[in-house]
Amino acid sequence: MPLEIVQIPVLNDNYVYLAREPQSGAVGVVDPAVHEPVLAELQRRNWVLTHILNTHHHPDHVGGNMALKQATGCRIIGPEADADRIPGLDMAVADNEGINLGNETARVFDVPGHTKGHIAYWFADSKALFCGDTLFALGCGRLFEGTPAQMWSSLSKLRRLPDDTRVYCAHEYTESNARFAVTVEPGNETLHQRYHRIRELRAAGKPTVPSTLGEEKATNPFLRPMSDNIRLHLNMAEADDVAVFAEVRKRKDTFRG
């Protein structure tokens, strides 16, 4: 049986996720920015929190760690490469390790770039990827602590996962990401169609997350530096993928559309 996944919107645009493995009843929370909405949702569903899964150290991803641990006695899992910056860390994990949530196992990916110690969790049996701020719907995280080469390597790892993988990213940035995406790949009709659907969802107050990895491969410019359309538009037809990715990221950093 697949994980039961509950999306909790918090702060201005963050998403926190509860994931329950139904056979064992184990419950994980991914990147709890704050604790109160998480505890309220757990109480409403009569679920018992057993794990916190942190992707990276930023306060809007770990801010609820200690209060949740105090309230529930849950175990905190996070990146080995950033162990000193994860509050209450009990278990540090690194690339290709597995962590168990009840009877389901997540594969860990080291995906630095946004931060030096960012990780992602892929639950293959549930087709669910919790990728924090590395990959967004139609976007990727800013390079606060890493290089374009690191981030492209990280995104390339995620890009190799199956197309039907659901992408549970940590922020509702999709509409603004779409406005940017059409400026660097204007000839992508699939992207324009997706942008139209996104605007309809947001106008109705509905989330655009999760997306699927197949959608991202077809429309997300940060996963598409090999696109002839993007390369011609940027006048970078002969550049390597890292250089094209870096230019797209540079343009997004200053985009005000």
# chains A, B, ... in the order shown; residues from 1 in each chain; ligands from 1
call {"tool": "select_by_dssp", "arguments": {"residues": "segment 99-227 of chain A", "states": "strand (DSSP E)", "output": "PyMOL selection string"}}
result
chain A and resi 99-101+104-110+119-123+128-132+135-136+139-140+166-169+211-212
call {"tool": "residues_around", "arguments": {"residues": "Lys127 of chain A", "least_positions_apart": "2", "cutoff": "12 Å", "atoms": "only C-alpha atoms", "output": "list in words"}}
result
Met1, Pro2, Leu3, Glu4, Ile5, Glu104, Thr105, Ala106, Arg107, Tyr121, Trp122, Phe123, Ala124, Asp125, Leu129, Phe130, Leu161, Pro162, Asp163, Asp164, Thr165, Arg166, Val167, Tyr168, Pro210, Ser211, Thr212 and Leu213 of chain A
call {"tool": "select_by_dssp", "arguments": {"residues": "segment 61-190 of chain A", "states": "helix (DSSP H, G or I)", "output": "PyMOL selection string"}}
result
chain A and resi 61-62+65-72+80-85+124-126+148-159+174-184+189-190
call {"tool": "residues_around", "arguments": {"residues": "Leu158 of chain A", "least_positions_apart": "4", "cutoff": "9 Å", "atoms": "only C-alpha atoms", "output": "number ranges by chain"}}
result
A: 109, 111, 120, 129, 131, 135, 154, 213
call {"tool": "write_last_selection", "arguments": {"atoms": "N, CA, C and O atoms", "output": "mmCIF file, in the first residue's frame"}}
result
data_model
loop_
_atom_site.group_PDB
_atom_site.id
_atom_site.type_symbol
_atom_site.label_atom_id
_atom_site.label_comp_id
_atom_site.auth_asym_id
_atom_site.auth_seq_id
_atom_site.Cartn_x
_atom_site.Cartn_y
_atom_site.Cartn_z
ATOM 1 N N PHE A 109 19.248 10.824 -1.670
ATOM 2 C CA PHE A 109 20.137 11.408 -2.666
ATOM 3 C C PHE A 109 20.821 12.636 -2.071
ATOM 4 O O PHE A 109 20.135 13.522 -1.533
ATOM 5 N N VAL A 111 22.013 16.048 -2.845
ATOM 6 C CA VAL A 111 21.701 16.975 -3.930
ATOM 7 C C VAL A 111 22.129 18.394 -3.546
ATOM 8 O O VAL A 111 21.307 19.302 -3.401
ATOM 9 N N ALA A 120 17.573 14.630 -0.714
ATOM 10 C CA ALA A 120 16.194 14.354 -1.115
ATOM 11 C C ALA A 120 15.872 12.916 -0.743
ATOM 12 O O ALA A 120 16.771 12.070 -0.610
ATOM 13 N N LEU A 129 8.740 11.709 -4.389
ATOM 14 C CA LEU A 129 10.037 12.348 -4.186
ATOM 15 C C LEU A 129 9.839 13.595 -3.345
ATOM 16 O O LEU A 129 9.105 14.508 -3.737
ATOM 17 N N CYS A 131 11.838 16.608 -2.253
ATOM 18 C CA CYS A 131 13.091 17.194 -2.754
ATOM 19 C C CYS A 131 13.399 18.554 -2.170
ATOM 20 O O CYS A 131 14.336 19.225 -2.619
ATOM 21 N N LEU A 135 14.616 20.895 -6.285
ATOM 22 C CA LEU A 135 13.768 20.932 -7.471
ATOM 23 C C LEU A 135 12.405 21.475 -7.093
ATOM 24 O O LEU A 135 11.788 21.004 -6.140
ATOM 25 N N SER A 154 23.163 17.550 -9.231
ATOM 26 C CA SER A 154 22.080 17.138 -8.328
ATOM 27 C C SER A 154 20.772 16.949 -9.084
ATOM 28 O O SER A 154 20.068 15.943 -8.910
ATOM 29 N N LEU A 213 7.447 14.100 -12.392
ATOM 30 C CA LEU A 213 8.765 14.321 -12.963
ATOM 31 C C LEU A 213 8.699 14.370 -14.486
ATOM 32 O O LEU A 213 9.469 15.094 -15.126
#
call {"tool": "residues_around", "arguments": {"residues": "Gly28 of chain A", "least_positions_apart": "5", "cutoff": "8 Å", "atoms": "only C-alpha atoms", "output": "mmCIF file with N, CA and C atoms, in the first residue's frame"}}
result
data_model
loop_
_atom_site.group_PDB
_atom_site.id
_atom_site.type_symbol
_atom_site.label_atom_id
_atom_site.label_comp_id
_atom_site.auth_asym_id
_atom_site.auth_seq_id
_atom_site.Cartn_x
_atom_site.Cartn_y
_atom_site.Cartn_z
ATOM 1 N N LEU A 18 3.008 15.388 5.660
ATOM 2 C CA LEU A 18 2.905 14.206 6.483
ATOM 3 C C LEU A 18 2.837 12.996 5.568
ATOM 4 N N ALA A 19 3.583 11.955 5.905
ATOM 5 C CA ALA A 19 3.578 10.715 5.126
ATOM 6 C C ALA A 19 3.373 9.554 6.088
ATOM 7 N N ARG A 20 2.277 8.840 5.920
ATOM 8 C CA ARG A 20 1.957 7.708 6.804
ATOM 9 C C ARG A 20 2.067 6.400 6.032
ATOM 10 N N LEU A 49 3.240 10.818 15.326
ATOM 11 C CA LEU A 49 4.461 11.140 14.600
ATOM 12 C C LEU A 49 5.626 10.298 15.095
ATOM 13 N N THR A 50 6.338 9.661 14.147
ATOM 14 C CA THR A 50 7.484 8.831 14.506
ATOM 15 C C THR A 50 8.806 9.361 13.947
ATOM 16 N N HIS A 51 8.755 10.128 12.847
ATOM 17 C CA HIS A 51 9.971 10.587 12.188
ATOM 18 C C HIS A 51 9.836 12.020 11.695
ATOM 19 N N ILE A 52 10.928 12.758 11.726
ATOM 20 C CA ILE A 52 11.077 14.004 10.975
ATOM 21 C C ILE A 52 12.131 13.759 9.913
ATOM 22 N N LEU A 53 11.810 14.106 8.684
ATOM 23 C CA LEU A 53 12.743 13.984 7.562
ATOM 24 C C LEU A 53 13.103 15.386 7.089
ATOM 25 N N LEU A 101 10.604 4.008 6.782
ATOM 26 C CA LEU A 101 9.419 4.588 7.401
ATOM 27 C C LEU A 101 8.410 3.451 7.466
#
call {"tool": "closest_residue", "arguments": {"among": "A:Asn103, A:Asn65, A:Ser126, A:Thr55", "to": "Glu80 of chain A", "atoms": "only C-alpha atoms"}}
result
A:Thr55
call {"tool": "closest_residue", "arguments": {"among": "A:Val48, A:Cys169, A:Ala94, A:Leu201", "to": "Asp82 of chain A", "atoms": "only C-alpha atoms"}}
result
A:Ala94
